[in-house]
>>> print(open('my_file-v9.cif').read())   # mmCIF, C-alpha atoms
data_upload
loop_
_atom_site.label_atom_id
_atom_site.label_comp_id
_atom_site.auth_asym_id
_atom_site.auth_seq_id
_atom_site.Cartn_x
_atom_site.Cartn_y
_atom_site.Cartn_z
CA MET A 1 16.15 145.77 71.23
CA ASN A 2 16.72 145.32 67.54
CA ILE A 3 13.33 144.52 65.96
CA SER A 4 14.73 141.90 63.55
CA LYS A 5 16.49 140.03 66.38
CA TYR A 6 13.30 140.12 68.45
CA ILE A 7 11.24 138.65 65.59
CA PHE A 8 13.88 135.97 64.97
CA LYS A 9 13.90 134.89 68.63
CA ARG A 10 10.09 134.78 68.72
CA SER A 11 10.07 132.61 65.57
CA VAL A 12 12.63 130.17 67.00
CA CYS A 13 10.71 129.85 70.27
CA ALA A 14 7.46 129.24 68.42
CA MET A 15 9.07 126.56 66.23
CA LEU A 16 10.57 124.74 69.25
CA LEU A 17 7.26 124.87 71.08
CA SER A 18 5.49 123.43 68.03
CA ILE A 19 7.98 120.54 67.77
CA ILE A 20 7.67 119.71 71.48
CA THR A 21 3.88 119.76 71.24
CA CYS A 22 3.89 117.43 68.24
CA LEU A 23 6.26 115.00 69.95
CA MET A 24 4.10 114.90 73.06
CA SER A 25 0.98 114.27 70.97
CA GLY A 26 2.67 111.49 68.99
CA ASN A 27 2.39 113.29 65.63
CA ILE A 28 6.15 113.13 65.03
CA SER A 29 8.07 109.88 65.50
CA ALA A 30 11.60 110.02 66.84
CA ILE A 31 14.09 108.90 64.21
CA ALA A 32 16.15 105.93 65.35
CA ASP A 33 19.92 105.87 64.97
CA THR A 34 20.66 103.04 62.54
CA SER A 35 24.45 103.38 62.71
CA ASP A 36 24.74 100.74 65.47
CA ALA A 37 21.95 98.43 64.25
CA ALA A 38 24.43 95.78 63.07
CA GLY A 39 24.53 92.83 65.45
CA TYR A 40 22.21 90.23 66.94
CA TRP A 41 18.57 90.67 67.96
CA VAL A 42 16.09 88.24 69.54
CA SER A 43 12.49 88.38 70.79
CA GLU A 44 12.10 89.73 74.30
CA SER A 45 10.12 86.56 74.99
CA THR A 46 8.03 83.91 73.30
CA PHE A 47 4.61 85.40 73.80
CA THR A 48 0.93 84.60 73.47
CA ALA A 49 -0.89 86.61 70.81
CA LEU A 50 -4.28 85.13 69.85
CA GLU A 51 -6.13 81.87 70.06
CA PHE A 52 -6.79 79.83 66.93
CA SER A 53 -9.31 76.98 67.30
CA GLY A 54 -8.45 76.69 70.97
CA SER A 55 -4.68 76.66 70.39
CA VAL A 56 -2.35 79.39 71.62
CA SER A 57 -0.16 81.17 69.08
CA LYS A 58 3.46 81.61 70.22
CA LYS A 59 6.14 83.31 68.19
CA LEU A 60 9.90 83.69 68.34
CA TYR A 61 11.96 85.94 66.06
CA LYS A 62 15.71 86.31 65.57
CA LEU A 63 17.47 88.90 63.43
CA GLN A 64 21.12 89.08 62.46
CA ILE A 65 22.02 92.42 60.87
CA ASP A 66 25.35 92.19 59.08
CA SER A 67 25.47 95.72 57.65
CA VAL A 68 23.53 98.98 57.24
CA GLU A 69 25.14 100.99 54.44
CA ASN A 70 23.75 103.56 52.02
CA ASN A 71 20.19 102.89 53.23
CA ARG A 72 20.56 99.17 52.48
CA VAL A 73 20.37 96.39 55.06
CA SER A 74 21.83 92.87 54.80
CA GLY A 75 21.55 89.96 57.22
CA VAL A 76 19.47 86.93 58.25
CA PHE A 77 15.90 86.80 59.60
CA TYR A 78 14.56 83.78 61.54
CA ARG A 79 11.01 83.10 62.59
CA ASN A 80 9.19 80.33 64.45
CA SER A 81 5.45 80.30 65.09
CA THR A 82 3.07 77.73 66.52
CA HIS A 83 -0.67 77.52 66.79
CA PHE A 84 -2.71 74.80 65.10
CA ARG A 85 0.04 74.64 62.46
CA ASP A 86 3.79 75.06 62.95
CA HIS A 87 5.68 77.25 60.54
CA GLY A 88 9.02 78.98 60.35
CA CYS A 89 11.84 80.19 58.17
CA LYS A 90 15.45 81.24 57.82
CA HIS A 91 15.64 84.13 55.36
CA THR A 92 18.94 85.61 54.17
CA PHE A 93 18.48 89.09 52.71
CA VAL A 94 20.89 91.27 50.74
CA ASN A 95 20.58 95.04 50.22
CA ALA A 96 17.00 95.42 51.47
CA PRO A 97 16.08 99.12 50.99
CA LEU A 98 15.78 101.07 54.25
CA ASN A 99 13.02 103.71 54.23
CA ASN A 100 12.12 105.69 57.37
CA ASN A 101 14.07 103.17 59.46
CA SER A 102 12.02 100.25 58.07
CA PHE A 103 12.70 97.55 55.50
CA THR A 104 10.43 94.89 54.01
CA LEU A 105 11.24 91.20 53.59
CA LYS A 106 9.39 88.70 51.39
CA VAL A 107 9.87 85.42 53.19
CA THR A 108 9.21 81.83 52.10
CA ASP A 109 7.47 80.24 55.10
CA VAL A 110 7.14 76.48 55.61
CA TRP A 111 3.94 75.26 57.26
CA THR A 112 3.51 71.88 58.93
CA VAL A 113 -0.12 70.97 58.26
CA PRO A 114 -1.72 68.13 60.31
CA LEU A 115 -3.38 65.58 58.05
CA SER A 116 -5.20 63.35 60.53
CA ASP A 117 -5.41 62.19 64.12
CA ASP A 118 -2.47 59.79 63.69
CA ASN A 119 -0.04 62.77 63.87
CA SER A 120 0.86 62.57 60.19
CA SER A 121 1.59 65.90 58.50
CA SER A 122 2.77 67.55 55.30
CA LEU A 123 4.88 70.60 54.45
CA THR A 124 3.70 73.45 52.27
CA ASP A 125 5.36 76.71 51.23
CA ASP A 126 3.83 80.16 51.64
CA GLU A 127 5.14 83.66 50.93
CA ARG A 128 4.82 86.19 53.76
CA THR A 129 5.77 89.83 54.00
CA PHE A 130 7.45 91.19 57.14
CA VAL A 131 8.17 94.81 57.98
CA ILE A 132 11.26 95.30 60.16
CA THR A 133 11.59 98.68 61.91
CA LEU A 134 14.76 99.88 63.64
CA GLN A 135 13.81 101.76 66.79
CA GLY A 136 17.15 102.51 68.43
CA ASP A 137 17.47 100.03 71.32
CA THR A 138 14.74 97.73 69.97
CA VAL A 139 13.61 96.29 66.64
CA ASN A 140 9.97 95.75 65.70
CA ALA A 141 9.15 92.82 63.41
CA ARG A 142 5.62 92.71 62.05
CA ASN A 143 3.81 90.41 59.66
CA SER A 144 2.10 92.85 57.30
CA GLU A 145 -0.87 90.48 57.06
CA GLY A 146 -1.89 91.25 60.65
CA THR A 147 -0.67 92.94 63.81
CA TYR A 148 -1.11 89.67 65.73
CA SER A 149 2.32 88.65 64.41
CA GLU A 150 4.05 91.74 65.79
CA ASN A 151 7.11 91.15 67.93
CA THR A 152 9.72 93.28 69.72
CA LEU A 153 13.38 92.28 69.49
CA VAL A 154 16.23 93.41 71.75
CA LYS A 155 19.95 93.39 71.07
CA CYS A 156 21.99 90.53 72.50
CA ASN A 157 25.42 88.92 72.26
CA LYS A 158 26.27 86.19 69.78
CA GLN A 159 26.19 83.45 72.43
CA LYS A 160 22.61 84.20 73.44
CA PHE A 161 21.61 84.57 69.79
CA ASN A 162 23.01 81.12 68.95
CA SER A 163 21.44 79.52 72.02
CA THR A 164 17.95 80.82 71.15
CA SER A 165 16.41 77.86 69.36
CA ILE A 166 14.38 78.10 66.16
CA ASP A 167 12.83 74.68 65.65
CA GLN A 168 11.99 74.89 61.97
CA GLU A 169 14.15 76.57 59.39
CA ASN A 170 13.34 76.92 55.70
CA ALA A 171 16.39 78.53 54.13
CA ASP A 172 15.95 81.03 51.32
CA THR A 173 18.08 83.90 50.02
CA VAL A 174 16.81 87.07 48.33
CA ASP A 175 18.86 89.85 46.76
CA TYR A 176 16.71 92.97 47.03
CA SER A 177 19.08 95.13 45.00
CA ASP A 178 17.32 96.83 42.13
CA SER A 179 18.70 96.17 38.65
CA TYR A 180 20.20 99.62 38.18
CA SER A 181 22.45 99.29 41.21
CA HIS A 182 24.09 96.28 39.53
CA SER A 183 24.04 97.53 35.96
CA SER A 184 27.32 97.95 34.12
CA GLY A 185 26.26 101.53 33.39
CA GLY A 186 24.10 103.52 31.01
CA SER A 187 20.66 102.47 29.84
CA ASN A 188 19.42 99.10 31.06
CA ASN A 189 17.28 98.40 27.97
CA ILE A 190 18.53 94.93 27.05
CA THR A 191 16.90 92.96 24.22
CA VAL A 192 16.96 89.16 24.04
CA LEU A 193 16.42 87.58 20.61
CA LEU A 194 15.81 83.86 20.19
CA ASN A 195 16.25 82.81 16.56
CA GLY A 196 15.53 86.43 15.60
CA GLN A 197 12.35 86.76 17.72
CA THR A 198 12.16 88.99 20.79
CA VAL A 199 11.72 87.15 24.07
CA LYS A 200 9.17 89.18 26.04
CA SER A 201 9.10 89.32 29.84
CA ASP A 202 7.35 91.33 32.54
CA ASN A 203 10.72 91.66 34.31
CA THR A 204 13.63 93.18 32.42
CA PRO A 205 17.04 91.54 31.94
CA VAL A 206 19.88 92.98 34.03
CA ILE A 207 23.66 93.08 33.71
CA ILE A 208 25.60 92.20 36.86
CA ASP A 209 29.39 92.48 36.69
CA GLY A 210 29.33 91.85 32.94
CA THR A 211 26.94 88.87 33.08
CA THR A 212 23.43 89.14 31.61
CA PHE A 213 20.71 87.75 33.88
CA VAL A 214 17.15 87.07 32.73
CA PRO A 215 13.98 85.81 34.46
CA VAL A 216 14.07 82.03 34.14
CA ARG A 217 10.60 81.22 32.85
CA PRO A 218 10.20 83.42 29.71
CA ILE A 219 13.47 82.34 28.04
CA SER A 220 13.02 78.69 29.06
CA GLU A 221 9.49 78.46 27.71
CA ALA A 222 10.50 80.32 24.52
CA MET A 223 13.05 77.53 23.98
CA GLY A 224 10.29 74.94 24.42
CA CYS A 225 11.41 73.87 27.89
CA ASN A 226 9.50 73.20 31.08
CA VAL A 227 10.45 74.91 34.35
CA TYR A 228 10.04 73.43 37.82
CA TRP A 229 10.85 75.30 41.06
CA GLN A 230 11.73 73.43 44.25
CA ALA A 231 11.32 75.96 47.06
CA SER A 232 12.81 73.84 49.85
CA THR A 233 16.23 73.74 48.12
CA GLN A 234 15.78 76.82 45.89
CA THR A 235 16.53 74.65 42.86
CA ILE A 236 15.43 75.42 39.29
CA ASN A 237 14.91 72.42 37.01
CA ILE A 238 14.66 73.17 33.28
CA SER A 239 13.89 70.32 30.90
CA SER A 240 13.61 69.74 27.14
CA ASP A 241 13.03 66.47 25.30
CA LYS A 242 16.80 65.88 25.24
CA ILE A 243 18.34 67.65 28.21
CA ILE A 244 17.53 68.41 31.85
CA ILE A 245 19.52 70.96 33.82
CA ALA A 246 19.39 71.86 37.50
CA MET A 247 20.50 75.25 38.85
CA GLN A 248 20.39 76.46 42.46
CA ILE A 249 20.18 79.96 43.91
CA GLY A 250 23.66 81.02 45.02
CA ASN A 251 25.34 77.96 43.47
CA SER A 252 27.65 78.35 40.45
CA LYS A 253 27.32 74.72 39.31
CA ILE A 254 24.88 73.43 36.69
CA THR A 255 23.99 69.74 36.70
CA ARG A 256 23.15 68.59 33.16
CA GLN A 257 21.57 65.27 32.26
CA SER A 258 21.52 64.23 28.60
CA ILE A 259 18.41 62.10 28.04
CA SER A 260 19.43 61.39 24.44
CA ASP A 261 22.87 60.15 25.61
CA ASN A 262 21.92 57.34 28.00
CA ASN A 263 21.19 59.88 30.76
CA ASN A 264 24.83 60.87 30.94
CA THR A 265 25.34 63.55 33.63
CA ASP A 266 28.00 66.26 33.75
CA ILE A 267 28.69 69.36 35.83
CA LEU A 268 29.09 72.80 34.26
CA GLU A 269 30.30 76.05 35.85
CA CYS A 270 28.41 79.38 35.73
CA ASP A 271 30.26 82.67 35.58
CA MET A 272 27.84 83.84 38.30
CA PRO A 273 25.15 81.86 40.18
CA PRO A 274 21.37 82.30 39.81
CA ARG A 275 19.77 84.76 42.21
CA ILE A 276 16.46 86.25 43.25
CA ILE A 277 15.97 89.91 42.31
CA ASN A 278 12.83 91.76 43.36
CA SER A 279 11.15 88.42 44.17
CA SER A 280 11.84 86.97 40.68
CA THR A 281 14.26 84.14 39.89
CA TYR A 282 17.05 85.24 37.53
CA ILE A 283 19.56 82.99 35.77
CA PRO A 284 22.79 83.75 33.86
CA LEU A 285 21.52 83.68 30.27
CA ARG A 286 24.61 82.51 28.39
CA ASP A 287 25.33 79.64 30.79
CA MET A 288 21.76 78.37 30.66
CA ALA A 289 21.43 78.64 26.86
CA GLU A 290 24.79 77.03 26.13
CA ALA A 291 23.94 74.16 28.50
CA PHE A 292 21.17 73.29 26.00
CA GLY A 293 23.57 73.59 23.05
CA ALA A 294 22.53 77.06 21.93
CA THR A 295 24.90 79.63 20.40
CA VAL A 296 24.96 83.01 22.16
CA SER A 297 26.38 86.35 21.01
CA TRP A 298 26.29 89.90 22.41
CA ASP A 299 25.88 93.15 20.45
CA SER A 300 27.26 95.86 22.75
CA GLU A 301 26.06 98.76 20.56
CA THR A 302 22.39 97.76 20.63
CA LYS A 303 22.60 95.85 23.94
CA THR A 304 21.12 92.78 22.29
CA VAL A 305 21.64 89.14 23.18
CA ASN A 306 21.30 86.89 20.12
CA ILE A 307 20.54 83.25 20.76
CA TYR A 308 20.44 80.60 18.03
CA TYR A 309 18.82 77.37 19.20
CA VAL A 310 17.40 74.27 17.53
CA ASP A 311 15.72 71.77 19.83
#
>>> encode(input="my_file-v9.cif", output="structure tokens")
Amino acid sequence: MNISKYIFKRSVCAMLLSIITCLMSGNISAIADTSDAAGYWVSESTFTALEFSGSVSKKLYKLQIDSVENNRVSGVFYRNSTHFRDHGCKHTFVNAPLNNNSFTLKVTDVWTVPLSDDNSSSLTDDERTFVITLQGDTVNARNSEGTYSENTLVKCNKQKFNSTSIDQENADTVDYSDSYSHSSGGSNNITVLLNGQTVKSDNTPVIIDGTTFVPVRPISEAMGCNVYWQASTQTINISSDKIIIAMQIGNSKITRQSISDNNNTDILECDMPPRIINSSTYIPLRDMAEAFGATVSWDSETKTVNIYYVD
């Protein structure tokens, strides 16, 4: 026998034996096929996890996967949980990065908190992180704060998905796309100047289809405005001494109220609606600034937005 062929066969056999051994010992996880993950998924059952102050925790998850493309997942995640407090959500996600068959969602959860023995209650918002793992014929949904919130989902038809009731839904939408995937190209170093002074922010401005988006709070406060966020409707209220505007995530309309003009209200149109990018609220800069009467110009060579504004 040819010595080189003999060595090659021995090497192949040894490699296969090593892989089989690792799989049997659990050291290597089988990679799930994500090509058919699109569709509808629900909890196998509403199940008991732990007891909290004598109450049983029961959870129900639903997941609608619209697409899995280029290691990005889009769809809708639903969750209902009960123990001594009820809480739940409806979370629409866009382009969540898929890594090792898992993607992470940052969800706004609404909690119903009992106030007294007369059954009165109040609602409060909370941000929770869920890790969703595609496992072939099942999906694992886990609250990263604790394994007690882990749940297994199985694929189902649309009719069963729609008939599975989620009692409490708090609707939010998050675009997980990073800024560079939306950029018009080239360097993303955008400078915003307000009356000649740089507006500083921990999160950088981004260009999406020709529209410059900025985090809402830094530019608003630089203009002397107050910012209020209403989580239940995903509405941003920005107010100065003369004008109040309201913008909503995913909505291209701006409602403007002129305090100095007998509270006259008009509706303006955005080129593109506000959105949430990497858990931060971004607004179309020109539309917001011009709603307050500012003048906005763009220097394409230096990638600088110049805003002139007098309150």
>>> closest_residue(input="my_file-v9.cif", among="A:Glu44, A:Asp202, A:Asp261, A:Asp137", to="Pro218 in chain A", atoms="only C-alpha atoms")
A:Asp202
>>> atom_distance(input="my_file-v9.cif", atom1="CA of Tyr282 in chain A", atom2="CA of Val214 in chain A")
5.1 Å
>>> residues_near_point(input="my_file-v9.cif", point="(25.9, 74.9, 39.5)", cutoff="10 Å", atoms="all atoms listed in the file", output="count of residues only")
22
>>> atom_distance(input="my_file-v9.cif", atom1="CA of Val131 in chain A", atom2="CA of Pro215 in chain A")
25.8 Å
>>> residues_around(input="my_file-v9.cif", residues="range 223-228 of chain A", least_positions_apart="3", cutoff="7 Å", atoms="all atoms listed in the file", output="list in words")
Arg217, Ile219, Ser220, Ile236, Asn237, Ile238, Ser239 and Ser240 of chain A
>>> residues_around(input="my_file-v9.cif", residues="Thr108 in chain A", least_positions_apart="4", cutoff="10 Å", atoms="only C-alpha atoms", output="MDAnalysis selection string")
chainID A and resid 88:91 125:129 170:174 231:232
>>> closest_residue(input="my_file-v9.cif", among="A:Phe77, A:Trp41, A:Trp229, A:Tyr61", to="Gly136 in chain A", atoms="all atoms listed in the file")
A:Trp41
>>> closest_residue(input="my_file-v9.cif", among="A:Ala291, A:Ile65, A:Leu285, A:Ile307", to="Lys158 in chain A", atoms="all atoms listed in the file")
A:Ile65
>>> atom_distance(input="my_file-v9.cif", atom1="CA of Arg72 in chain A", atom2="CA of Lys160 in chain A")
25.8 Å
>>> resolve_selection(input="my_file-v9.cif", expression="the PyMOL selection byres ((chain A and resi 42) around 8)", output="VMD selection string")
chain A and resid 40 to 41 43 to 44 60 to 63 153 to 156 161 164
>>> closest_residue(input="my_file-v9.cif", among="A:Thr133, A:Gln197, A:Ser74, A:Ser279", to="Phe103 in chain A", atoms="only C-alpha atoms")
A:Thr133
>>> residues_around(input="my_file-v9.cif", residues="Thr204 in chain A", least_positions_apart="2", cutoff="9 Å", atoms="all atoms listed in the file", output="ChimeraX atom specification")
/A:179,188-191,200-202,206,214-215
>>> write_last_selection(input="my_file-v9.cif", atoms="C-alpha atoms", output="PDB file, keeping the file's coordinate frame")
ATOM      1  CA  SER A 179      18.700  96.170  38.650  1.00  0.00           C
ATOM      2  CA  ASN A 188      19.420  99.100  31.060  1.00  0.00           C
ATOM      3  CA  ASN A 189      17.280  98.400  27.970  1.00  0.00           C
ATOM      4  CA  ILE A 190      18.530  94.930  27.050  1.00  0.00           C
ATOM      5  CA  THR A 191      16.900  92.960  24.220  1.00  0.00           C
ATOM      6  CA  LYS A 200       9.170  89.180  26.040  1.00  0.00           C
ATOM      7  CA  SER A 201       9.100  89.320  29.840  1.00  0.00           C
ATOM      8  CA  ASP A 202       7.350  91.330  32.540  1.00  0.00           C
ATOM      9  CA  VAL A 206      19.880  92.980  34.030  1.00  0.00           C
ATOM     10  CA  VAL A 214      17.150  87.070  32.730  1.00  0.00           C
ATOM     11  CA  PRO A 215      13.980  85.810  34.460  1.00  0.00           C
TER      12      PRO A 215
END
>>> resolve_selection(input="my_file-v9.cif", expression="the PyMOL selection byres ((chain A and resi 297) around 10)", output="list in words")
Arg286, Thr295, Val296, Trp298, Asp299, Ser300, Thr304, Val305, Asn306, Ile307 and Tyr308 of chain A
>>> closest_residue(input="my_file-v9.cif", among="A:Thr212, A:Asn101, A:Thr281, A:Thr302", to="Asn140 in chain A", atoms="all atoms listed in the file")
A:Asn101
>>> decode(input="my_file-v9.cif", residues="range 263-288 of chain A", atoms="C-alpha atoms", output="mmCIF file, in the first residue's frame")
data_model
loop_
_atom_site.group_PDB
_atom_site.id
_atom_site.type_symbol
_atom_site.label_atom_id
_atom_site.label_comp_id
_atom_site.auth_asym_id
_atom_site.auth_seq_id
_atom_site.Cartn_x
_atom_site.Cartn_y
_atom_site.Cartn_z
ATOM 1 C CA ASN A 263 -51.825 77.044 20.487
ATOM 2 C CA ASN A 264 -52.417 76.672 16.776
ATOM 3 C CA THR A 265 -51.704 73.070 15.680
ATOM 4 C CA ASP A 266 -50.541 71.852 12.283
ATOM 5 C CA ILE A 267 -49.272 68.592 10.801
ATOM 6 C CA LEU A 268 -45.904 68.336 9.055
ATOM 7 C CA GLU A 269 -44.474 65.475 6.985
ATOM 8 C CA CYS A 270 -41.059 63.838 7.571
ATOM 9 C CA ASP A 271 -39.003 62.518 4.689
ATOM 10 C CA MET A 272 -38.478 59.405 6.845
ATOM 11 C CA PRO A 273 -39.995 58.526 10.252
ATOM 12 C CA PRO A 274 -38.114 58.359 13.573
ATOM 13 C CA ARG A 275 -36.697 54.965 14.481
ATOM 14 C CA ILE A 276 -34.807 53.101 17.170
ATOM 15 C CA ILE A 277 -31.240 52.129 16.251
ATOM 16 C CA ASN A 278 -29.121 50.094 18.647
ATOM 17 C CA SER A 279 -31.591 50.874 21.470
ATOM 18 C CA SER A 280 -31.351 54.672 20.930
ATOM 19 C CA THR A 281 -34.122 56.894 19.561
ATOM 20 C CA TYR A 282 -33.118 58.628 16.318
ATOM 21 C CA ILE A 283 -35.006 61.429 14.560
ATOM 22 C CA PRO A 284 -34.643 62.971 11.074
ATOM 23 C CA LEU A 285 -32.545 66.042 11.866
ATOM 24 C CA ARG A 286 -33.705 68.472 9.180
ATOM 25 C CA ASP A 287 -37.410 67.814 9.782
ATOM 26 C CA MET A 288 -37.096 68.277 13.531
#
